[in-house]
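**Student:** So that you have it, the file is structure21.cif, and it contains mmCIF, N, CA and C atoms:
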```cif
data_upload
#
loop_
_atom_site.label_atom_id
_atom_site.label_comp_id
_atom_site.auth_asym_id
_atom_site.auth_seq_id
_atom_site.Cartn_x
_atom_site.Cartn_y
_atom_site.Cartn_z
N MET X 1 0.02 8.80 21.00
CA MET X 1 -0.58 7.48 20.94
C MET X 1 0.51 6.48 20.58
N ASP X 2 0.65 5.42 21.34
CA ASP X 2 1.64 4.39 21.08
C ASP X 2 0.94 3.05 20.94
N LEU X 3 0.46 2.75 19.73
CA LEU X 3 -0.29 1.52 19.49
C LEU X 3 0.56 0.28 19.71
N ASP X 4 1.83 0.34 19.31
CA ASP X 4 2.70 -0.82 19.50
C ASP X 4 2.76 -1.20 20.97
N LYS X 5 2.96 -0.21 21.82
CA LYS X 5 3.04 -0.46 23.26
C LYS X 5 1.71 -1.00 23.78
N TRP X 6 0.60 -0.41 23.33
CA TRP X 6 -0.70 -0.86 23.79
C TRP X 6 -0.96 -2.31 23.41
N PHE X 7 -0.73 -2.66 22.13
CA PHE X 7 -0.99 -4.03 21.69
C PHE X 7 -0.09 -5.03 22.41
N THR X 8 1.16 -4.66 22.64
CA THR X 8 2.06 -5.55 23.36
C THR X 8 1.57 -5.79 24.78
N ALA X 9 1.12 -4.73 25.44
CA ALA X 9 0.67 -4.84 26.83
C ALA X 9 -0.70 -5.48 26.96
N ASN X 10 -1.50 -5.48 25.89
CA ASN X 10 -2.89 -5.94 25.98
C ASN X 10 -3.20 -7.11 25.06
N ARG X 11 -2.26 -7.97 24.83
CA ARG X 11 -2.44 -9.11 23.93
C ARG X 11 -3.62 -10.00 24.33
N ASN X 12 -3.97 -10.03 25.58
CA ASN X 12 -5.05 -10.92 26.03
C ASN X 12 -6.43 -10.30 25.93
N THR X 13 -6.55 -9.13 25.30
CA THR X 13 -7.86 -8.48 25.23
C THR X 13 -8.71 -8.98 24.08
N TYR X 14 -8.14 -9.73 23.13
CA TYR X 14 -8.93 -10.10 21.97
C TYR X 14 -9.07 -11.60 21.68
N PRO X 15 -8.97 -12.49 22.66
CA PRO X 15 -9.20 -13.91 22.34
C PRO X 15 -10.61 -14.19 21.85
N SER X 16 -11.60 -13.42 22.30
CA SER X 16 -12.97 -13.65 21.83
C SER X 16 -13.10 -13.28 20.35
N ASP X 17 -12.37 -12.26 19.90
CA ASP X 17 -12.39 -11.90 18.48
C ASP X 17 -11.84 -13.04 17.64
N ARG X 18 -10.73 -13.61 18.09
CA ARG X 18 -10.12 -14.73 17.37
C ARG X 18 -11.09 -15.91 17.32
N ALA X 19 -11.74 -16.21 18.44
CA ALA X 19 -12.69 -17.31 18.48
C ALA X 19 -13.86 -17.07 17.52
N ALA X 20 -14.35 -15.83 17.46
CA ALA X 20 -15.45 -15.50 16.55
C ALA X 20 -15.03 -15.70 15.10
N LEU X 21 -13.82 -15.32 14.77
CA LEU X 21 -13.34 -15.50 13.40
C LEU X 21 -13.15 -16.97 13.07
N GLN X 22 -12.74 -17.78 14.05
CA GLN X 22 -12.61 -19.21 13.82
C GLN X 22 -13.98 -19.82 13.49
N VAL X 23 -15.00 -19.41 14.22
CA VAL X 23 -16.36 -19.91 13.99
C VAL X 23 -16.85 -19.47 12.62
N ALA X 24 -16.49 -18.27 12.20
CA ALA X 24 -16.96 -17.72 10.92
C ALA X 24 -16.40 -18.45 9.72
N GLN X 25 -15.29 -19.17 9.88
CA GLN X 25 -14.65 -19.89 8.78
C GLN X 25 -14.52 -19.00 7.56
N LEU X 26 -13.65 -18.02 7.66
CA LEU X 26 -13.45 -17.04 6.60
C LEU X 26 -13.06 -17.71 5.29
N ARG X 27 -13.65 -17.23 4.19
CA ARG X 27 -13.36 -17.78 2.87
C ARG X 27 -13.13 -16.63 1.88
N GLY X 28 -12.43 -16.94 0.82
CA GLY X 28 -12.19 -15.95 -0.21
C GLY X 28 -11.13 -14.95 0.22
N ALA X 29 -11.16 -13.79 -0.40
CA ALA X 29 -10.21 -12.73 -0.10
C ALA X 29 -10.64 -12.01 1.17
N VAL X 30 -9.74 -11.99 2.17
CA VAL X 30 -10.07 -11.43 3.48
C VAL X 30 -9.08 -10.33 3.83
N LEU X 31 -9.60 -9.15 4.13
CA LEU X 31 -8.81 -8.00 4.53
C LEU X 31 -8.92 -7.81 6.04
N ASP X 32 -7.78 -7.67 6.71
CA ASP X 32 -7.76 -7.36 8.15
C ASP X 32 -7.35 -5.90 8.29
N LEU X 33 -8.28 -5.07 8.73
CA LEU X 33 -7.97 -3.67 9.00
C LEU X 33 -7.31 -3.60 10.37
N ALA X 34 -6.35 -2.74 10.51
CA ALA X 34 -5.66 -2.56 11.78
C ALA X 34 -5.00 -3.85 12.23
N VAL X 35 -4.26 -4.47 11.32
CA VAL X 35 -3.55 -5.71 11.62
C VAL X 35 -2.51 -5.46 12.72
N ASP X 36 -2.30 -6.46 13.54
CA ASP X 36 -1.24 -6.31 14.56
C ASP X 36 -0.08 -7.22 14.17
N SER X 37 0.14 -8.26 14.88
CA SER X 37 1.30 -9.13 14.64
C SER X 37 1.01 -10.23 13.63
N GLY X 38 -0.16 -10.23 13.02
CA GLY X 38 -0.52 -11.29 12.10
C GLY X 38 -1.17 -12.46 12.82
N ALA X 39 -1.66 -12.23 14.02
CA ALA X 39 -2.26 -13.29 14.82
C ALA X 39 -3.46 -13.92 14.15
N PHE X 40 -4.14 -13.18 13.27
CA PHE X 40 -5.33 -13.71 12.61
C PHE X 40 -5.03 -14.31 11.24
N ASP X 41 -3.76 -14.27 10.81
CA ASP X 41 -3.39 -14.78 9.50
C ASP X 41 -3.79 -16.23 9.32
N ALA X 42 -3.60 -17.04 10.34
CA ALA X 42 -3.92 -18.46 10.24
C ALA X 42 -5.41 -18.70 10.05
N LEU X 43 -6.21 -17.69 10.27
CA LEU X 43 -7.65 -17.83 10.15
C LEU X 43 -8.15 -17.51 8.74
N GLY X 44 -7.25 -17.20 7.82
CA GLY X 44 -7.64 -16.97 6.44
C GLY X 44 -7.47 -15.56 5.93
N VAL X 45 -6.84 -14.69 6.69
CA VAL X 45 -6.61 -13.32 6.25
C VAL X 45 -5.61 -13.33 5.10
N THR X 46 -5.94 -12.60 4.01
CA THR X 46 -5.05 -12.55 2.85
C THR X 46 -4.25 -11.26 2.76
N LEU X 47 -4.73 -10.18 3.40
CA LEU X 47 -4.01 -8.91 3.40
C LEU X 47 -4.29 -8.19 4.71
N GLY X 48 -3.25 -7.64 5.29
CA GLY X 48 -3.40 -6.85 6.50
C GLY X 48 -3.02 -5.40 6.25
N VAL X 49 -3.81 -4.49 6.79
CA VAL X 49 -3.57 -3.05 6.67
C VAL X 49 -3.37 -2.50 8.08
N GLY X 50 -2.42 -1.59 8.21
CA GLY X 50 -2.21 -0.97 9.51
C GLY X 50 -1.33 0.25 9.40
N VAL X 51 -1.29 1.04 10.47
CA VAL X 51 -0.47 2.25 10.48
C VAL X 51 0.85 2.04 11.22
N SER X 52 0.93 1.04 12.06
CA SER X 52 2.12 0.80 12.85
C SER X 52 3.16 0.03 12.04
N LEU X 53 4.24 0.69 11.68
CA LEU X 53 5.29 0.05 10.90
C LEU X 53 5.87 -1.15 11.64
N GLU X 54 6.03 -1.04 12.95
CA GLU X 54 6.58 -2.15 13.73
C GLU X 54 5.67 -3.38 13.68
N MET X 55 4.37 -3.18 13.86
CA MET X 55 3.43 -4.31 13.79
C MET X 55 3.37 -4.90 12.38
N LEU X 56 3.45 -4.04 11.36
CA LEU X 56 3.44 -4.54 9.99
C LEU X 56 4.68 -5.40 9.72
N LYS X 57 5.82 -5.01 10.26
CA LYS X 57 7.04 -5.81 10.11
C LYS X 57 6.86 -7.18 10.75
N ILE X 58 6.26 -7.21 11.94
CA ILE X 58 6.02 -8.49 12.62
C ILE X 58 5.05 -9.34 11.80
N SER X 59 3.98 -8.73 11.31
CA SER X 59 3.01 -9.46 10.49
C SER X 59 3.66 -10.05 9.25
N LYS X 60 4.50 -9.25 8.61
CA LYS X 60 5.18 -9.72 7.40
C LYS X 60 6.11 -10.88 7.72
N ARG X 61 6.84 -10.79 8.84
CA ARG X 61 7.71 -11.90 9.26
C ARG X 61 6.89 -13.16 9.53
N ASN X 62 5.64 -12.98 9.96
CA ASN X 62 4.76 -14.11 10.23
C ASN X 62 4.05 -14.60 8.97
N GLY X 63 4.42 -14.05 7.81
CA GLY X 63 3.91 -14.55 6.54
C GLY X 63 2.70 -13.85 5.97
N LEU X 64 2.27 -12.75 6.57
CA LEU X 64 1.09 -12.05 6.07
C LEU X 64 1.50 -10.94 5.11
N GLU X 65 0.79 -10.82 4.00
CA GLU X 65 1.01 -9.70 3.10
C GLU X 65 0.41 -8.47 3.76
N VAL X 66 1.16 -7.37 3.79
CA VAL X 66 0.72 -6.18 4.51
C VAL X 66 0.88 -4.92 3.67
N VAL X 67 0.07 -3.90 4.03
CA VAL X 67 0.14 -2.59 3.42
C VAL X 67 0.04 -1.56 4.54
N GLN X 68 0.93 -0.57 4.53
CA GLN X 68 0.83 0.50 5.52
C GLN X 68 -0.14 1.54 4.99
N ALA X 69 -1.24 1.71 5.71
CA ALA X 69 -2.27 2.68 5.31
C ALA X 69 -3.21 2.90 6.48
N GLY X 70 -3.84 4.05 6.47
CA GLY X 70 -4.89 4.32 7.44
C GLY X 70 -6.19 3.73 6.97
N VAL X 71 -7.06 3.37 7.88
CA VAL X 71 -8.32 2.71 7.52
C VAL X 71 -9.35 3.66 6.93
N THR X 72 -9.08 4.96 6.98
CA THR X 72 -10.01 5.92 6.42
C THR X 72 -9.68 6.28 4.97
N HIS X 73 -8.53 5.81 4.47
CA HIS X 73 -8.11 6.08 3.10
C HIS X 73 -7.35 4.87 2.57
N LEU X 74 -8.06 3.82 2.19
CA LEU X 74 -7.43 2.60 1.70
C LEU X 74 -7.08 2.74 0.23
N SER X 75 -5.87 2.38 -0.12
CA SER X 75 -5.46 2.41 -1.53
C SER X 75 -5.68 1.02 -2.13
N ILE X 76 -6.93 0.60 -2.11
CA ILE X 76 -7.34 -0.73 -2.58
C ILE X 76 -8.52 -0.52 -3.53
N ARG X 77 -8.53 -1.29 -4.61
CA ARG X 77 -9.61 -1.18 -5.59
C ARG X 77 -10.97 -1.49 -4.95
N ASP X 78 -12.01 -0.91 -5.51
CA ASP X 78 -13.39 -1.19 -5.08
C ASP X 78 -13.68 -2.69 -5.24
N GLU X 79 -14.52 -3.21 -4.35
CA GLU X 79 -15.03 -4.58 -4.44
C GLU X 79 -13.93 -5.62 -4.62
N THR X 80 -12.90 -5.56 -3.78
CA THR X 80 -11.76 -6.47 -3.85
C THR X 80 -11.90 -7.66 -2.91
N PHE X 81 -12.58 -7.49 -1.78
CA PHE X 81 -12.58 -8.50 -0.73
C PHE X 81 -13.96 -9.09 -0.47
N ASP X 82 -13.95 -10.38 -0.12
CA ASP X 82 -15.17 -11.08 0.28
C ASP X 82 -15.53 -10.77 1.72
N THR X 83 -14.51 -10.55 2.54
CA THR X 83 -14.71 -10.26 3.95
C THR X 83 -13.70 -9.22 4.41
N VAL X 84 -14.16 -8.29 5.23
CA VAL X 84 -13.29 -7.34 5.92
C VAL X 84 -13.48 -7.59 7.41
N VAL X 85 -12.37 -7.85 8.09
CA VAL X 85 -12.42 -8.06 9.54
C VAL X 85 -11.62 -6.97 10.22
N SER X 86 -12.06 -6.62 11.39
CA SER X 86 -11.32 -5.63 12.14
C SER X 86 -11.59 -5.77 13.63
N SER X 87 -10.52 -5.74 14.36
CA SER X 87 -10.61 -5.66 15.81
C SER X 87 -10.10 -4.29 16.21
N PHE X 88 -10.90 -3.58 16.91
CA PHE X 88 -10.48 -2.34 17.56
C PHE X 88 -10.44 -1.09 16.69
N ILE X 89 -10.99 -1.06 15.46
CA ILE X 89 -10.89 0.20 14.73
C ILE X 89 -11.79 1.28 15.30
N VAL X 90 -12.96 0.91 15.79
CA VAL X 90 -13.89 1.92 16.27
C VAL X 90 -13.30 2.68 17.47
N CYS X 91 -12.60 1.97 18.34
CA CYS X 91 -12.05 2.64 19.52
C CYS X 91 -10.74 3.37 19.24
N PHE X 92 -10.11 3.15 18.08
CA PHE X 92 -8.84 3.80 17.78
C PHE X 92 -8.91 4.86 16.69
N VAL X 93 -10.03 4.97 16.00
CA VAL X 93 -10.14 5.86 14.85
C VAL X 93 -11.09 7.02 15.16
N ASN X 94 -10.66 8.22 14.83
CA ASN X 94 -11.52 9.39 15.06
C ASN X 94 -12.71 9.43 14.11
N ASN X 95 -12.49 9.08 12.85
CA ASN X 95 -13.55 9.17 11.85
C ASN X 95 -14.07 7.77 11.53
N VAL X 96 -14.92 7.26 12.41
CA VAL X 96 -15.45 5.91 12.27
C VAL X 96 -16.27 5.78 10.99
N ALA X 97 -17.04 6.80 10.65
CA ALA X 97 -17.87 6.75 9.44
C ALA X 97 -17.00 6.56 8.20
N ALA X 98 -15.87 7.26 8.12
CA ALA X 98 -14.98 7.11 6.97
C ALA X 98 -14.37 5.71 6.92
N ALA X 99 -14.01 5.16 8.07
CA ALA X 99 -13.44 3.81 8.12
C ALA X 99 -14.47 2.78 7.67
N LEU X 100 -15.71 2.92 8.12
CA LEU X 100 -16.75 1.99 7.71
C LEU X 100 -17.11 2.15 6.24
N SER X 101 -17.08 3.38 5.75
CA SER X 101 -17.34 3.63 4.34
C SER X 101 -16.27 2.98 3.46
N GLU X 102 -15.03 3.09 3.87
CA GLU X 102 -13.94 2.46 3.13
C GLU X 102 -14.07 0.94 3.17
N SER X 103 -14.47 0.41 4.31
CA SER X 103 -14.69 -1.03 4.41
C SER X 103 -15.75 -1.48 3.42
N LYS X 104 -16.84 -0.75 3.37
CA LYS X 104 -17.92 -1.09 2.44
C LYS X 104 -17.44 -0.99 0.99
N ARG X 105 -16.66 0.03 0.69
CA ARG X 105 -16.18 0.24 -0.68
C ARG X 105 -15.34 -0.92 -1.18
N VAL X 106 -14.47 -1.48 -0.33
CA VAL X 106 -13.58 -2.55 -0.77
C VAL X 106 -14.22 -3.94 -0.70
N LEU X 107 -15.42 -4.02 -0.10
CA LEU X 107 -16.14 -5.29 -0.05
C LEU X 107 -16.86 -5.56 -1.36
N ARG X 108 -16.83 -6.83 -1.76
CA ARG X 108 -17.61 -7.25 -2.91
C ARG X 108 -19.08 -7.27 -2.54
N GLU X 109 -19.95 -7.26 -3.56
CA GLU X 109 -21.38 -7.38 -3.30
C GLU X 109 -21.63 -8.64 -2.48
N ARG X 110 -22.46 -8.51 -1.47
CA ARG X 110 -22.77 -9.59 -0.53
C ARG X 110 -21.59 -9.96 0.37
N GLY X 111 -20.59 -9.09 0.43
CA GLY X 111 -19.44 -9.32 1.30
C GLY X 111 -19.81 -9.15 2.76
N LYS X 112 -18.93 -9.60 3.65
CA LYS X 112 -19.18 -9.54 5.09
C LYS X 112 -18.20 -8.58 5.76
N LEU X 113 -18.72 -7.79 6.68
CA LEU X 113 -17.89 -6.94 7.52
C LEU X 113 -18.02 -7.48 8.94
N MET X 114 -16.89 -7.84 9.54
CA MET X 114 -16.89 -8.39 10.89
C MET X 114 -16.06 -7.48 11.79
N LEU X 115 -16.70 -6.91 12.81
CA LEU X 115 -16.04 -6.00 13.73
C LEU X 115 -15.98 -6.62 15.12
N GLY X 116 -14.82 -6.53 15.74
CA GLY X 116 -14.67 -6.92 17.14
C GLY X 116 -14.18 -5.69 17.89
N GLU X 117 -14.79 -5.39 19.00
CA GLU X 117 -14.43 -4.17 19.71
C GLU X 117 -14.19 -4.42 21.20
N ILE X 118 -13.55 -3.44 21.81
CA ILE X 118 -13.27 -3.42 23.23
C ILE X 118 -13.70 -2.06 23.76
N PRO X 119 -13.74 -1.88 25.06
CA PRO X 119 -14.01 -0.54 25.58
C PRO X 119 -13.00 0.45 25.02
N ARG X 120 -13.41 1.67 24.83
CA ARG X 120 -12.56 2.67 24.20
C ARG X 120 -11.20 2.79 24.86
N ASP X 121 -11.12 2.68 26.15
CA ASP X 121 -9.87 2.92 26.84
C ASP X 121 -9.65 1.91 27.98
N PRO X 122 -9.41 0.64 27.66
CA PRO X 122 -9.36 -0.39 28.68
C PRO X 122 -8.14 -0.34 29.58
N SER X 123 -7.09 0.32 29.15
CA SER X 123 -5.86 0.25 29.92
C SER X 123 -5.35 1.61 30.40
N GLY X 124 -6.18 2.62 30.31
CA GLY X 124 -5.73 3.94 30.75
C GLY X 124 -5.11 4.77 29.66
N TYR X 125 -4.99 4.22 28.44
CA TYR X 125 -4.45 4.98 27.32
C TYR X 125 -5.58 5.78 26.69
N GLY X 126 -5.29 6.95 26.20
CA GLY X 126 -6.26 7.71 25.41
C GLY X 126 -5.98 7.42 23.96
N LEU X 127 -6.54 6.36 23.41
CA LEU X 127 -6.13 5.86 22.11
C LEU X 127 -7.10 6.21 20.99
N ARG X 128 -7.35 7.47 20.78
CA ARG X 128 -8.05 7.90 19.58
C ARG X 128 -7.08 8.77 18.84
N GLY X 129 -6.87 8.47 17.57
CA GLY X 129 -5.85 9.24 16.90
C GLY X 129 -5.99 9.32 15.41
N GLU X 130 -5.96 8.21 14.70
CA GLU X 130 -5.92 8.23 13.26
C GLU X 130 -7.26 8.66 12.69
N GLY X 131 -7.21 9.32 11.54
CA GLY X 131 -8.43 9.66 10.82
C GLY X 131 -9.05 10.86 11.35
#
```
Could you render the structure from this file as structure tokens?
**Tutor:**
Amino acid sequence: MDLDKWFTANRNTYPSDRAALQVAQLRGAVLDLAVDSGAFDALGVTLGVGVSLEMLKISKRNGLEVVQAGVTHLSIRDETFDTVVSSFIVCFVNNVAAALSESKRVLRERGKLMLGEIPRDPSGYGLRGEG
């Protein structure tokens, strides 16, 4: 699985996710699971988590605080975030239940979980791997 290559080749697959986040007007502490280049940082994301070291480096250069971690085992305290956003975790993670459970765990009471998804394999890649 080469996520860096996929995200670079498919940058135009998520403009609707970005638009949805703009409408949502994110407030408070916002966690982006599976961060890429930090494209959503300007929308209010305060921390990005991802497995791709290359994408995390780009996000950090773009001013986003980042942590390298899988979405099924977050090293983040319980009830830390007001909102958890994620584009594409369901189609890239083998253990979706664990990823969603971790998202719930790090959300504060009455927090929001926002998921944006694409078809599992839009570009011919078999991209299920982590978790």
**Student:** Kindly resolve the PyMOL selection byres ((chain X and resi 69) around 5) on the present coordinates and return the residues as number ranges by chain.
**Tutor:** X: 50-51, 67-68, 70-71
**Student:** Residues at most 6.5 Å from Leu64 in chain X, counting all atoms listed in the file, excluding those fewer than 2 positions away in the same chain, as number ranges by chain?
**Tutor:** X: 38, 41, 46-48, 59-62, 66
**Student:** From the options X:Arg27, X:Ser52, X:Thr72, X:Asp82, which residue's atoms come nearest to Ser101 in chain X, counting only N, CA and C atoms?
**Tutor:**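 For Ser101 in chain X, the nearest of the given residues is X:Thr72.
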**Student:** When distances are computed from all atoms listed in the file, which of X:Ala98, X:Leu74, X:Phe81, X:Ala29 shows the smallest separation from Arg110 in chain X?
**Tutor:**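 The answer is X:Phe81, which sits nearest to Arg110 in chain X.
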**Student:** Just the number, please: distance in Å from atom N of Asn94 in chain X to atom N of Gly28 in chain X, one decimal.
**Tutor:**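 Those two atoms sit 28.9 Å apart.
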**Student:** Which one is closest to Glu79 in chain X: X:Glu109, X:Glu102, X:Glu65, X:Glu54? Count only C-alpha atoms.
**Tutor:**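 Of X:Glu109, X:Glu102, X:Glu65, X:Glu54, the one nearest Glu79 in chain X, counting only C-alpha atoms, is X:Glu109.
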**Student:** Just to confirm, what's the straight-line distance from CA of Val45 in chain X to CA of Val84 in chain X in Å (one decimal)?
**Tutor:** 9.0 Å
**Student:** What does the distance from CA of Gly44 in chain X to atom C of Lys112 in chain X come to in Å, to one decimal?
**Tutor:**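 Result for CA of Gly44 in chain X versus atom C of Lys112 in chain X: 13.5 Å, one decimal.
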**Student:** Let me make sure I understand: among X:Leu56, X:Ala34, X:Arg77, X:Gly116, which one has the smallest atom-to-atom distance to Lys104 in chain X if we use only C-alpha atoms?
**Tutor:**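 So, comparing all the options, the nearest one is X:Arg77.
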**Student:** Calculated over only C-alpha atoms, which of the candidates X:Met114, X:Val49, X:Ser103, X:Cys91 has the smallest distance to Leu26 in chain X?
**Tutor:**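 Ranking X:Met114, X:Val49, X:Ser103, X:Cys91 by distance to Leu26 in chain X, first place goes to X:Met114.
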**Student:** Tell me, which residues of range 41-126 of chain X carry DSSP strand (DSSP E or B), written as a list of chain:residue names?
**Tutor:**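 DSSP-assigned strand (DSSP E or B) residues in range 41-126 of chain X: X:Leu47, X:Gly48, X:Val49, X:Gly50, X:Val66, X:Val67, X:Gln68, X:Phe81, X:Asp82, X:Thr83, X:Val84, X:Val85, X:Ser86, X:Ser87, X:Val93, X:Leu107, X:Arg108, X:Glu109, X:Arg110, X:Gly111, X:Lys112, X:Leu113, X:Met114, X:Leu115, X:Gly116.
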**Student:** Residues near Asp78 in chain X, anyone? I mean within 6 Å using all atoms listed in the file, not counting same-chain ones fewer than 5 positions away, as a PDB file with N, CA and C atoms, in the coordinates of the input.
**Tutor:**
```pdb
ATOM      1  N   ARG X 105     -16.660   0.030   0.690  1.00  0.00           N
ATOM      2  CA  ARG X 105     -16.180   0.240  -0.680  1.00  0.00           C
ATOM      3  C   ARG X 105     -15.340  -0.920  -1.180  1.00  0.00           C
ATOM      4  N   VAL X 106     -14.470  -1.480  -0.330  1.00  0.00           N
ATOM      5  CA  VAL X 106     -13.580  -2.550  -0.770  1.00  0.00           C
ATOM      6  C   VAL X 106     -14.220  -3.940  -0.700  1.00  0.00           C
ATOM      7  N   LEU X 107     -15.420  -4.020  -0.100  1.00  0.00           N
ATOM      8  CA  LEU X 107     -16.140  -5.290  -0.050  1.00  0.00           C
ATOM      9  C   LEU X 107     -16.860  -5.560  -1.360  1.00  0.00           C
TER      10      LEU X 107
END
```
**Student:** Using backbone DSSP assignments, extract all alpha helix (DSSP H) residues from range 25-115 of chain X; output them as number ranges by chain.
**Tutor:** X: 53-61, 89-92, 96-106
**Student:** Take the residues from that selection and put them in a file with N, CA and C atoms, as a PDB file, in the coordinates of the input.
**Tutor:**
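Printed below is selection-v5.pdb as written:
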```pdb
ATOM      1  N   LEU X  53       4.240   0.690  11.680  1.00  0.00           N
ATOM      2  CA  LEU X  53       5.290   0.050  10.900  1.00  0.00           C
ATOM      3  C   LEU X  53       5.870  -1.150  11.640  1.00  0.00           C
ATOM      4  N   GLU X  54       6.030  -1.040  12.950  1.00  0.00           N
ATOM      5  CA  GLU X  54       6.580  -2.150  13.730  1.00  0.00           C
ATOM      6  C   GLU X  54       5.670  -3.380  13.680  1.00  0.00           C
ATOM      7  N   MET X  55       4.370  -3.180  13.860  1.00  0.00           N
ATOM      8  CA  MET X  55       3.430  -4.310  13.790  1.00  0.00           C
ATOM      9  C   MET X  55       3.370  -4.900  12.380  1.00  0.00           C
ATOM     10  N   LEU X  56       3.450  -4.040  11.360  1.00  0.00           N
ATOM     11  CA  LEU X  56       3.440  -4.540   9.990  1.00  0.00           C
ATOM     12  C   LEU X  56       4.680  -5.400   9.720  1.00  0.00           C
ATOM     13  N   LYS X  57       5.820  -5.010  10.260  1.00  0.00           N
ATOM     14  CA  LYS X  57       7.040  -5.810  10.110  1.00  0.00           C
ATOM     15  C   LYS X  57       6.860  -7.180  10.750  1.00  0.00           C
ATOM     16  N   ILE X  58       6.260  -7.210  11.940  1.00  0.00           N
ATOM     17  CA  ILE X  58       6.020  -8.490  12.620  1.00  0.00           C
ATOM     18  C   ILE X  58       5.050  -9.340  11.800  1.00  0.00           C
ATOM     19  N   SER X  59       3.980  -8.730  11.310  1.00  0.00           N
ATOM     20  CA  SER X  59       3.010  -9.460  10.490  1.00  0.00           C
ATOM     21  C   SER X  59       3.660 -10.050   9.250  1.00  0.00           C
ATOM     22  N   LYS X  60       4.500  -9.250   8.610  1.00  0.00           N
ATOM     23  CA  LYS X  60       5.180  -9.720   7.400  1.00  0.00           C
ATOM     24  C   LYS X  60       6.110 -10.880   7.720  1.00  0.00           C
ATOM     25  N   ARG X  61       6.840 -10.790   8.840  1.00  0.00           N
ATOM     26  CA  ARG X  61       7.710 -11.900   9.260  1.00  0.00           C
ATOM     27  C   ARG X  61       6.890 -13.160   9.530  1.00  0.00           C
ATOM     28  N   ILE X  89     -10.990  -1.060  15.460  1.00  0.00           N
ATOM     29  CA  ILE X  89     -10.890   0.200  14.730  1.00  0.00           C
ATOM     30  C   ILE X  89     -11.790   1.280  15.300  1.00  0.00           C
ATOM     31  N   VAL X  90     -12.960   0.910  15.790  1.00  0.00           N
ATOM     32  CA  VAL X  90     -13.890   1.920  16.270  1.00  0.00           C
ATOM     33  C   VAL X  90     -13.300   2.680  17.470  1.00  0.00           C
ATOM     34  N   CYS X  91     -12.600   1.970  18.340  1.00  0.00           N
ATOM     35  CA  CYS X  91     -12.050   2.640  19.520  1.00  0.00           C
ATOM     36  C   CYS X  91     -10.740   3.370  19.240  1.00  0.00           C
ATOM     37  N   PHE X  92     -10.110   3.150  18.080  1.00  0.00           N
ATOM     38  CA  PHE X  92      -8.840   3.800  17.780  1.00  0.00           C
ATOM     39  C   PHE X  92      -8.910   4.860  16.690  1.00  0.00           C
ATOM     40  N   VAL X  96     -14.920   7.260  12.410  1.00  0.00           N
ATOM     41  CA  VAL X  96     -15.450   5.910  12.270  1.00  0.00           C
ATOM     42  C   VAL X  96     -16.270   5.780  10.990  1.00  0.00           C
ATOM     43  N   ALA X  97     -17.040   6.800  10.650  1.00  0.00           N
ATOM     44  CA  ALA X  97     -17.870   6.750   9.440  1.00  0.00           C
ATOM     45  C   ALA X  97     -17.000   6.560   8.200  1.00  0.00           C
ATOM     46  N   ALA X  98     -15.870   7.260   8.120  1.00  0.00           N
ATOM     47  CA  ALA X  98     -14.980   7.110   6.970  1.00  0.00           C
ATOM     48  C   ALA X  98     -14.370   5.710   6.920  1.00  0.00           C
ATOM     49  N   ALA X  99     -14.010   5.160   8.070  1.00  0.00           N
ATOM     50  CA  ALA X  99     -13.440   3.810   8.120  1.00  0.00           C
ATOM     51  C   ALA X  99     -14.470   2.780   7.670  1.00  0.00           C
ATOM     52  N   LEU X 100     -15.710   2.920   8.120  1.00  0.00           N
ATOM     53  CA  LEU X 100     -16.750   1.990   7.710  1.00  0.00           C
ATOM     54  C   LEU X 100     -17.110   2.150   6.240  1.00  0.00           C
ATOM     55  N   SER X 101     -17.080   3.380   5.750  1.00  0.00           N
ATOM     56  CA  SER X 101     -17.340   3.630   4.340  1.00  0.00           C
ATOM     57  C   SER X 101     -16.270   2.980   3.460  1.00  0.00           C
ATOM     58  N   GLU X 102     -15.030   3.090   3.870  1.00  0.00           N
ATOM     59  CA  GLU X 102     -13.940   2.460   3.130  1.00  0.00           C
ATOM     60  C   GLU X 102     -14.070   0.940   3.170  1.00  0.00           C
ATOM     61  N   SER X 103     -14.470   0.410   4.310  1.00  0.00           N
ATOM     62  CA  SER X 103     -14.690  -1.030   4.410  1.00  0.00           C
ATOM     63  C   SER X 103     -15.750  -1.480   3.420  1.00  0.00           C
ATOM     64  N   LYS X 104     -16.840  -0.750   3.370  1.00  0.00           N
ATOM     65  CA  LYS X 104     -17.920  -1.090   2.440  1.00  0.00           C
ATOM     66  C   LYS X 104     -17.440  -0.990   0.990  1.00  0.00           C
ATOM     67  N   ARG X 105     -16.660   0.030   0.690  1.00  0.00           N
ATOM     68  CA  ARG X 105     -16.180   0.240  -0.680  1.00  0.00           C
ATOM     69  C   ARG X 105     -15.340  -0.920  -1.180  1.00  0.00           C
ATOM     70  N   VAL X 106     -14.470  -1.480  -0.330  1.00  0.00           N
ATOM     71  CA  VAL X 106     -13.580  -2.550  -0.770  1.00  0.00           C
ATOM     72  C   VAL X 106     -14.220  -3.940  -0.700  1.00  0.00           C
TER      73      VAL X 106
END
```
